[in-house]
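K.L.:
So I've got this file, query.cif, and it contains mmCIF, C-alpha atoms:
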data_target
loop_
_atom_site.label_atom_id
_atom_site.label_comp_id
_atom_site.auth_asym_id
_atom_site.auth_seq_id
_atom_site.Cartn_x
_atom_site.Cartn_y
_atom_site.Cartn_z
CA MET A 1 -6.36 -4.07 10.90
CA THR A 2 -4.08 -3.82 7.89
CA ARG A 3 -3.15 -0.33 6.72
CA ASN A 4 -1.48 0.66 3.50
CA TYR A 5 1.76 2.58 3.63
CA ASN A 6 3.67 4.03 0.74
CA ARG A 7 7.07 2.45 1.23
CA ASN A 8 8.77 -0.75 2.07
CA PRO A 9 10.18 -0.92 4.67
CA LEU A 10 7.82 0.91 7.00
CA ARG A 11 9.40 4.09 8.44
CA ILE A 12 8.81 5.11 12.06
CA PHE A 13 10.19 8.20 13.81
CA ILE A 14 10.56 8.22 17.60
CA GLY A 15 10.93 11.57 19.33
CA VAL A 16 12.80 11.11 22.63
CA GLY A 17 11.64 13.91 24.91
CA HIS A 18 14.13 16.09 26.86
CA GLY A 19 17.86 15.30 27.24
CA GLY A 20 21.18 17.04 27.94
CA THR A 21 20.73 20.01 30.24
CA ASP A 22 16.97 19.40 30.23
CA PRO A 23 16.26 16.25 32.29
CA GLY A 24 12.49 16.81 32.27
CA ALA A 25 10.71 15.49 35.35
CA VAL A 26 13.01 14.19 38.11
CA ASN A 27 12.49 11.72 40.95
CA HIS A 28 15.45 12.46 43.21
CA LYS A 29 14.51 9.74 45.70
CA LEU A 30 14.66 6.99 43.07
CA GLY A 31 17.39 8.65 41.00
CA LEU A 32 15.18 8.75 37.89
CA THR A 33 14.93 11.38 35.18
CA GLU A 34 12.31 11.67 32.47
CA ALA A 35 15.04 12.03 29.82
CA GLY A 36 16.62 8.74 30.91
CA ILE A 37 13.35 6.79 31.00
CA ASN A 38 12.33 8.14 27.58
CA LEU A 39 15.66 7.08 26.06
CA SER A 40 15.50 3.60 27.59
CA VAL A 41 12.05 2.98 26.10
CA ALA A 42 13.06 4.44 22.72
CA LEU A 43 16.13 2.20 22.40
CA LEU A 44 14.09 -0.89 23.28
CA MET A 45 11.47 0.08 20.70
CA GLN A 46 14.14 0.66 18.06
CA THR A 47 15.66 -2.80 18.56
CA ASP A 48 12.28 -4.53 18.52
CA LEU A 49 10.97 -2.68 15.47
CA ARG A 50 14.16 -3.20 13.48
CA ARG A 51 14.10 -6.95 13.95
CA HIS A 52 10.69 -6.85 12.27
CA GLY A 53 12.20 -5.12 9.27
CA VAL A 54 10.91 -1.65 10.20
CA GLN A 55 13.12 1.36 9.50
CA VAL A 56 13.46 3.48 12.65
CA LYS A 57 14.95 6.89 13.36
CA LEU A 58 15.37 8.30 16.88
CA SER A 59 15.62 12.01 17.58
CA ARG A 60 18.48 11.09 19.92
CA SER A 61 20.22 7.88 20.94
CA VAL A 62 22.28 9.31 23.84
CA ASP A 63 21.75 11.87 26.60
CA GLU A 64 22.13 15.08 24.62
CA GLU A 65 20.26 18.30 23.88
CA ASP A 66 17.06 17.47 22.00
CA ARG A 67 14.85 20.53 21.68
CA LEU A 68 11.29 20.05 20.47
CA LYS A 69 11.77 22.44 17.54
CA GLU A 70 14.70 20.38 16.22
CA GLU A 71 12.81 17.13 16.85
CA ILE A 72 9.88 18.29 14.74
CA ALA A 73 12.14 19.52 11.92
CA GLU A 74 14.06 16.24 11.93
CA CYS A 75 10.85 14.22 11.91
CA ASN A 76 9.38 16.17 8.99
CA ALA A 77 12.62 15.80 7.03
CA TYR A 78 12.53 12.05 7.60
CA ALA A 79 8.90 11.91 6.34
CA PRO A 80 7.89 8.83 8.36
CA ASP A 81 4.77 6.73 7.93
CA PHE A 82 4.09 7.33 11.62
CA ALA A 83 5.75 9.21 14.49
CA VAL A 84 5.54 8.91 18.26
CA GLU A 85 6.88 11.30 20.88
CA LEU A 86 7.92 9.76 24.23
CA HIS A 87 7.48 11.54 27.55
CA THR A 88 7.10 10.53 31.18
CA ASN A 89 4.51 12.25 33.35
CA ALA A 90 4.76 14.12 36.65
CA GLY A 91 2.24 15.44 39.15
CA GLY A 92 1.77 12.51 41.51
CA GLY A 93 -0.82 10.63 39.45
CA THR A 94 -0.91 7.10 38.11
CA GLY A 95 -1.36 5.46 34.73
CA PHE A 96 -0.45 5.78 31.07
CA GLU A 97 -1.64 8.62 28.82
CA VAL A 98 -1.68 9.07 25.06
CA TYR A 99 -2.42 12.24 23.09
CA CYS A 100 -3.64 12.19 19.48
CA GLN A 101 -4.08 14.71 16.70
CA LEU A 102 -7.41 16.48 16.33
CA GLU A 103 -9.67 17.26 13.40
CA PRO A 104 -9.50 19.05 11.02
CA TRP A 105 -5.84 17.93 10.95
CA GLU A 106 -5.55 15.61 7.94
CA HIS A 107 -3.95 12.83 9.98
CA SER A 108 -6.40 12.91 12.88
CA LYS A 109 -8.08 9.59 12.02
CA PRO A 110 -4.92 7.38 11.88
CA SER A 111 -3.57 9.26 14.90
CA MET A 112 -6.68 8.42 16.93
CA GLU A 113 -6.68 4.78 15.78
CA MET A 114 -3.03 4.34 16.75
CA ALA A 115 -3.65 6.06 20.09
CA ARG A 116 -6.45 3.59 20.85
CA LEU A 117 -4.14 0.67 20.07
CA PHE A 118 -1.43 2.06 22.38
CA ASP A 119 -3.97 2.55 25.16
CA THR A 120 -5.41 -0.96 24.73
CA ASN A 121 -2.06 -2.75 24.48
CA VAL A 122 -0.45 -0.99 27.46
CA CYS A 123 -3.34 -2.26 29.56
CA LYS A 124 -3.16 -5.72 27.96
CA TYR A 125 0.59 -6.39 27.96
CA LEU A 126 1.81 -4.29 30.87
CA GLY A 127 -1.24 -4.80 33.08
CA ALA A 128 -1.20 -1.09 33.90
CA ASP A 129 -3.96 1.44 34.33
CA THR A 130 -4.51 3.90 31.51
CA ARG A 131 -6.07 7.34 31.57
CA GLY A 132 -7.61 7.09 28.12
CA LEU A 133 -7.08 9.15 24.98
CA LYS A 134 -6.24 12.83 25.46
CA THR A 135 -6.20 15.87 23.21
CA ASP A 136 -4.37 19.17 23.57
CA ARG A 137 -4.24 21.72 20.77
CA SER A 138 -1.31 23.49 22.41
CA LEU A 139 1.11 20.58 21.92
CA GLY A 140 3.48 21.56 19.12
CA TRP A 141 4.37 17.95 18.35
CA LEU A 142 0.78 17.11 17.42
CA ASN A 143 0.07 20.18 15.30
CA GLN A 144 3.44 20.67 13.60
CA VAL A 145 4.52 17.14 12.63
CA GLN A 146 3.50 16.59 9.01
CA ALA A 147 2.64 12.91 9.45
CA PRO A 148 0.24 10.82 11.56
CA CYS A 149 1.59 11.00 15.10
CA ILE A 150 0.83 10.60 18.78
CA LEU A 151 2.44 11.67 22.05
CA VAL A 152 2.66 9.29 25.01
CA GLU A 153 3.25 9.78 28.72
CA ASN A 154 4.85 6.50 29.83
CA PHE A 155 3.86 6.74 33.50
CA PHE A 156 4.12 9.18 36.43
CA LEU A 157 7.74 9.55 37.47
CA ASP A 158 6.68 10.84 40.89
CA GLY A 159 3.64 8.62 41.29
CA PRO A 160 3.14 5.88 43.90
CA ASN A 161 4.02 3.15 41.35
CA ALA A 162 7.12 4.83 39.88
CA LEU A 163 9.54 2.25 41.26
CA TRP A 164 7.58 -0.63 39.72
CA TYR A 165 7.22 1.08 36.34
CA SER A 166 10.92 1.97 36.15
CA GLN A 167 12.19 -1.60 36.56
CA PRO A 168 13.91 -2.92 33.40
CA GLU A 169 11.38 -5.73 32.93
CA GLN A 170 8.45 -3.28 33.09
CA LEU A 171 10.10 -0.84 30.68
CA GLU A 172 10.62 -3.75 28.29
CA LYS A 173 6.94 -4.72 28.55
CA LEU A 174 5.94 -1.09 27.98
CA SER A 175 8.12 -0.74 24.89
CA ARG A 176 6.85 -4.07 23.56
CA ALA A 177 3.25 -2.87 23.97
CA TYR A 178 4.13 0.20 21.90
CA VAL A 179 5.80 -1.92 19.21
CA ARG A 180 2.91 -4.36 19.09
CA SER A 181 0.55 -1.43 18.55
CA ILE A 182 2.54 -0.08 15.61
CA LEU A 183 2.89 -3.50 13.98
CA GLU A 184 -0.78 -4.34 14.55
CA TYR A 185 -1.86 -1.09 12.92
CA TYR A 186 0.13 -1.93 9.78
CA GLY A 187 -0.82 -5.60 9.72
CA ILE A 188 2.64 -6.91 10.62
CA ALA A 189 2.65 -10.00 12.85
CA TYR A 190 4.64 -9.66 16.06
CA ILE A 191 7.44 -12.23 16.26
CA PRO A 192 8.23 -13.19 19.87
CA ASP A 193 11.85 -13.59 20.97
CA GLY A 194 13.21 -12.71 17.55
CA SER A 195 12.51 -16.17 16.17
CA VAL A 196 11.45 -16.46 12.53
CA SER A 197 11.21 -19.20 9.94
CA LEU A 198 13.78 -18.69 7.19
CA ARG A 199 13.18 -20.31 3.80
CA TYR A 200 16.13 -21.42 1.71
CA GLN A 201 16.89 -23.83 -1.13
CA ILE A 202 19.46 -26.56 -1.68
CA VAL A 203 20.75 -27.00 -5.21
CA GLY A 204 21.78 -30.57 -6.02
CA ALA A 205 24.52 -31.77 -8.37
CA ASP A 206 21.75 -33.08 -10.63
CA ASP A 207 20.26 -29.54 -10.93
CA SER A 208 17.43 -30.42 -8.56
CA VAL A 209 16.25 -27.65 -6.19
CA LYS A 210 14.55 -28.42 -2.86
CA ASP A 211 12.89 -25.97 -0.47
CA TYR A 212 13.71 -26.03 3.24
CA VAL A 213 12.82 -24.03 6.36
CA CYS A 214 14.95 -23.43 9.44
CA PRO A 215 14.73 -21.19 12.54
CA ALA A 216 16.50 -17.84 12.30
CA VAL A 217 16.71 -14.50 14.10
CA LEU A 218 15.72 -11.18 12.53
CA VAL A 219 18.00 -8.31 13.64
CA ASN A 220 18.00 -4.84 12.08
CA GLY A 221 15.91 -6.17 9.23
CA SER A 222 18.35 -8.95 8.32
CA HIS A 223 18.15 -12.71 8.92
CA TYR A 224 20.85 -14.41 10.95
CA VAL A 225 21.18 -18.17 11.18
CA HIS A 226 24.13 -20.55 11.45
CA LEU A 227 23.68 -21.51 7.81
CA ARG A 228 27.37 -21.62 6.99
CA GLN A 229 28.13 -23.95 9.89
CA MET A 230 25.16 -26.13 8.98
CA ALA A 231 26.10 -26.09 5.29
CA LYS A 232 29.70 -27.00 6.10
CA SER A 233 28.56 -30.02 8.08
CA LEU A 234 26.63 -31.11 4.98
CA GLY A 235 29.54 -30.46 2.65
CA LEU A 236 27.74 -27.45 1.11
CA ALA A 237 28.44 -23.74 0.60
CA VAL A 238 26.05 -20.78 0.91
CA TYR A 239 25.16 -18.29 -1.82
CA TYR A 240 22.73 -15.34 -1.72
CA GLU A 241 21.14 -14.65 -5.09
CA GLU A 242 20.69 -10.87 -5.24
CA THR A 243 18.22 -10.74 -8.13
CA THR A 244 15.75 -13.25 -6.66
CA ARG A 245 16.71 -12.71 -3.00
CA LYS A 246 17.02 -16.46 -2.55
CA ILE A 247 19.42 -18.23 -0.23
CA LEU A 248 20.99 -21.22 -1.98
CA LEU A 249 23.03 -24.04 -0.47
CA TYR A 250 25.10 -25.84 -3.09
CA PRO A 251 27.82 -28.50 -3.50
CA PRO A 252 31.04 -26.55 -4.24
CA GLU A 253 32.44 -29.40 -6.32
CA SER A 254 29.52 -28.93 -8.75
CA TYR A 255 28.97 -25.15 -8.74
CA THR A 256 31.02 -21.94 -8.52
CA GLU A 257 29.95 -18.40 -7.60
CA SER A 258 30.46 -16.07 -10.54
CA GLY A 259 31.02 -12.49 -9.46
CA VAL A 260 30.86 -11.37 -13.08
CA GLN A 261 27.57 -13.10 -13.85
CA ASN A 262 26.16 -12.63 -10.31
CA ARG A 263 24.90 -16.19 -10.14
CA LEU A 264 25.89 -19.78 -9.50
CA VAL A 265 27.31 -21.54 -12.56
CA LYS A 266 27.77 -25.24 -13.07
CA ASN A 267 31.41 -26.34 -13.22
CA SER A 268 30.72 -28.91 -15.96
CA GLU A 269 29.72 -26.08 -18.31
CA TYR A 270 33.20 -24.51 -18.13
CA THR A 271 35.79 -27.27 -18.38
CA THR A 272 38.90 -25.48 -19.70
CA ASP A 273 40.97 -22.80 -17.99
CA MET A 274 40.10 -20.32 -20.73
CA ASP A 275 36.38 -21.07 -20.33
CA ARG A 276 36.60 -20.37 -16.61
CA VAL A 277 38.57 -17.16 -17.04
CA MET A 278 36.21 -15.84 -19.70
CA ALA A 279 33.22 -16.71 -17.50
CA GLY A 280 34.71 -14.79 -14.59
CA LEU A 281 35.26 -17.89 -12.47
CA ASP A 282 39.05 -17.63 -12.13
CA VAL A 283 41.38 -14.63 -11.92
CA LEU A 284 44.40 -14.56 -14.21
CA THR A 285 47.72 -14.43 -12.38
CA ASN A 286 50.36 -11.83 -13.24
CA ALA A 287 52.52 -14.57 -14.77
CA ALA A 288 49.67 -15.69 -17.00
CA VAL A 289 49.04 -12.09 -18.07
CA GLU A 290 52.74 -11.50 -18.85
CA GLY A 291 52.85 -14.73 -20.86
CA THR A 292 50.05 -13.69 -23.22
#
Would you mind writing the structure in this file as structure tokens?
P.N.:
Amino acid sequence: MTRNYNRNPLRIFIGVGHGGTDPGAVNHKLGLTEAGINLSVALLMQTDLRRHGVQVKLSRSVDEEDRLKEEIAECNAYAPDFAVELHTNAGGGTGFEVYCQLEPWEHSKPSMEMARLFDTNVCKYLGADTRGLKTDRSLGWLNQVQAPCILVENFFLDGPNALWYSQPEQLEKLSRAYVRSILEYYGIAYIPDGSVSLRYQIVGADDSVKDYVCPAVLVNGSHYVHLRQMAKSLGLAVYYEETTRKILLYPPESYTESGVQNRLVKNSEYTTDMDRVMAGLDVLTNAAVEGT
């Protein structure tokens, strides 16, 4: 179910309902607040989405005032590809709920499709009951956000299963179901446990270039792997080529990084001190400058 979006990376806005002096729904017996649950899920989603290279903005990242009017204004200013507002239900019921935009709102179709994915994946990955897709024309989030959006009710804070839902492992499963839904909608494969295959090249002294693959971790849209330690054990250095976005491992006795030329240059091409200085490979010392 691949969808086109206008930018790379994908931009997602997460509205974190309530906060500060407004705790939302409260379960005094369990010591739970809606504002706290919403923030926990939002932070988990942010981490998971970012490691997939998705750009994410939260309406709040701490327990602070977060009025709906400001949330909507912030979301519209961010101009996301998609937006989701997080809430946690009250009223003694059970199950997950998701609200979508209605026609004739221009974004009603993608909103409904995303809502269906959220509903399906919460049932699939959390093993929880869902209450199906909902609509409510009075919800300001759905009729004032100028982008495809949905509003979710995580679970019932005062329901019979509140203790189970609020456990860290269940909140993680819930957030992962949300993330999977967003990625699935945009045709981005979900990468379990942060593991990815990172491609890189090794440049040989004879100018040969070989392709390799190694396991890496994607965090905040960047790849992390112990390449430098691995390269050192092989007697190699690591260079990132900005123009081609390639990672190169090279023998330092044969190549040098040129900050001026923004590339690797072969040492044998610049044999004299003057050659190396003019090529931006060495920095002139003060003594050398004074002697000229």
K.L.:
Taking (27.1, -27.6, -0.8) in the file's coordinates, which residues come within 7 Å, counting only C-alpha atoms, written as a VMD selection string?
P.N.:
chain A and resid 231 234 to 237 249 to 252
K.L.:
If you apply the PyMOL selection byres ((chain A and resi 30-44) around 6) to this file, what residues do you get, as a list in words?
P.N.:
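For this structure, the PyMOL selection byres ((chain A and resi 30-44) around 6) resolves to Val16, His18, Gly19, Pro23, Gly24, Ala25, Val26, Asn27, His28, Lys29, Met45, Gln46, Thr47, Leu86, His87, Thr88 and Ser175 of chain A.
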K.L.:
Could you list, as a PDB file with C-alpha atoms, in the frame of the given file, every residue matched by the PyMOL selection byres ((chain A and resi 265-273) around 10) in this structure?
P.N.:
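Written file, selection19.pdb:
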ATOM      1  CA  ALA A 205      24.520 -31.770  -8.370  1.00  0.00           C
ATOM      2  CA  ASP A 207      20.260 -29.540 -10.930  1.00  0.00           C
ATOM      3  CA  PRO A 252      31.040 -26.550  -4.240  1.00  0.00           C
ATOM      4  CA  GLU A 253      32.440 -29.400  -6.320  1.00  0.00           C
ATOM      5  CA  SER A 254      29.520 -28.930  -8.750  1.00  0.00           C
ATOM      6  CA  TYR A 255      28.970 -25.150  -8.740  1.00  0.00           C
ATOM      7  CA  THR A 256      31.020 -21.940  -8.520  1.00  0.00           C
ATOM      8  CA  GLU A 257      29.950 -18.400  -7.600  1.00  0.00           C
ATOM      9  CA  SER A 258      30.460 -16.070 -10.540  1.00  0.00           C
ATOM     10  CA  GLN A 261      27.570 -13.100 -13.850  1.00  0.00           C
ATOM     11  CA  ASN A 262      26.160 -12.630 -10.310  1.00  0.00           C
ATOM     12  CA  ARG A 263      24.900 -16.190 -10.140  1.00  0.00           C
ATOM     13  CA  LEU A 264      25.890 -19.780  -9.500  1.00  0.00           C
ATOM     14  CA  MET A 274      40.100 -20.320 -20.730  1.00  0.00           C
ATOM     15  CA  ASP A 275      36.380 -21.070 -20.330  1.00  0.00           C
ATOM     16  CA  ARG A 276      36.600 -20.370 -16.610  1.00  0.00           C
ATOM     17  CA  VAL A 277      38.570 -17.160 -17.040  1.00  0.00           C
ATOM     18  CA  MET A 278      36.210 -15.840 -19.700  1.00  0.00           C
ATOM     19  CA  ALA A 279      33.220 -16.710 -17.500  1.00  0.00           C
ATOM     20  CA  LEU A 281      35.260 -17.890 -12.470  1.00  0.00           C
ATOM     21  CA  ASP A 282      39.050 -17.630 -12.130  1.00  0.00           C
ATOM     22  CA  LEU A 284      44.400 -14.560 -14.210  1.00  0.00           C
TER      23      LEU A 284
END
K.L.:
Please determine, counting all atoms listed in the file, which residue among A:Tyr185, A:Trp105, A:Tyr240, A:Tyr165 has the shortest atom-to-atom distance to Phe82 in chain A.
P.N.:
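Answer, going by the shortest atom-to-atom distance: A:Tyr185.
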K.L.:
CA of Gly53 in chain A and CA of Glu65 in chain A, how far apart in Å?
P.N.:
28.8 Å
K.L.:
Hey, can you check how far CA of Ala115 in chain A sits from CA of Tyr190 in chain A?
P.N.:
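Distance reported for this atom pair: 18.2 Å.
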K.L.:
If we count all atoms listed in the file, what is near His107 in chain A at a cut-off of 10 Å, once residues fewer than 2 positions away on the same chain are taken out, given as a list in words?
P.N.:
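My reading of the contact set: Phe82, Cys100, Gln101, Leu102, Glu103, Pro104, Trp105, Lys109, Pro110, Ser111, Met112, Leu142, Asn143, Val145, Gln146, Ala147, Pro148 and Cys149 of chain A.
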K.L.:
Grab the CA of Lys134 in chain A to CA of Tyr99 in chain A distance for me, in Å with one decimal place.
P.N.:
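Taking CA of Lys134 in chain A and CA of Tyr99 in chain A, their separation equals 4.5 Å.
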K.L.:
Within 12 Å of Asp211 in chain A, counting only C-alpha atoms, which residues show up once you throw out same-chain ones fewer than 6 positions away? Write them as JSON, numbers by chain, please.
P.N.:
{"A": [198, 199, 200, 201, 202, 203, 204, 246, 247, 248, 249]}
K.L.:
Nearest to Leu68 in chain A: which of A:Val213, A:Val179, A:Val260, A:Leu139 is it, counting all atoms listed in the file?
P.N.:
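Going through A:Val213, A:Val179, A:Val260, A:Leu139 one by one, the smallest distance to Leu68 in chain A is for A:Leu139.
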K.L.:
I need the output of the PyMOL selection byres ((chain A and resi 15) around 7) for this file as an MDAnalysis selection string; which residues are they?
P.N.:
chainID A and resid 13:14 16:17 58:59 71 84:86
K.L.:
So, counting only C-alpha atoms, which residue among A:Tyr212, A:Trp141, A:Arg176, A:Ser181 is closest to Glu70 in chain A?
P.N.:
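Under the stated criterion, the closest residue is A:Trp141.
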K.L.:
Quick one: of A:Asp119, A:Glu97, A:Glu74, A:Asp136, who's nearest to Asn154 in chain A, counting only C-alpha atoms?
P.N.:
A:Glu97
K.L.:
Within 7 Å of Pro9 in chain A, counting all atoms listed in the file, which residues qualify if same-chain residues fewer than 2 places away don't, as a PyMOL selection string?
P.N.:
chain A and resi 7+11+53-55
K.L.:
If I wrap all listed atoms of range 170-180 of chain A in a box with edges along x, y and z and add 6 Å on each side, what are its centre and edge lengths in Å to one decimal, as lines of an AutoDock Vina configuration file?
P.N.:
center_x = 6.8
center_y = -2.3
center_z = 26.1
size_x = 19.7
size_y = 16.9
size_z = 26.0
K.L.:
Go through A:Leu126, A:Val56, A:Leu151, A:Ala90 one by one, measure the shortest atom-to-atom distance of each to Glu169 in chain A using all atoms listed in the file, and give the residue with the smallest value.
P.N.:
A:Leu126
K.L.:
Nearest residue to Arg50 in chain A out of A:Glu64, A:Ile12, A:Gly93, A:Ala79, using all atoms listed in the file?
P.N.:
A:Ile12
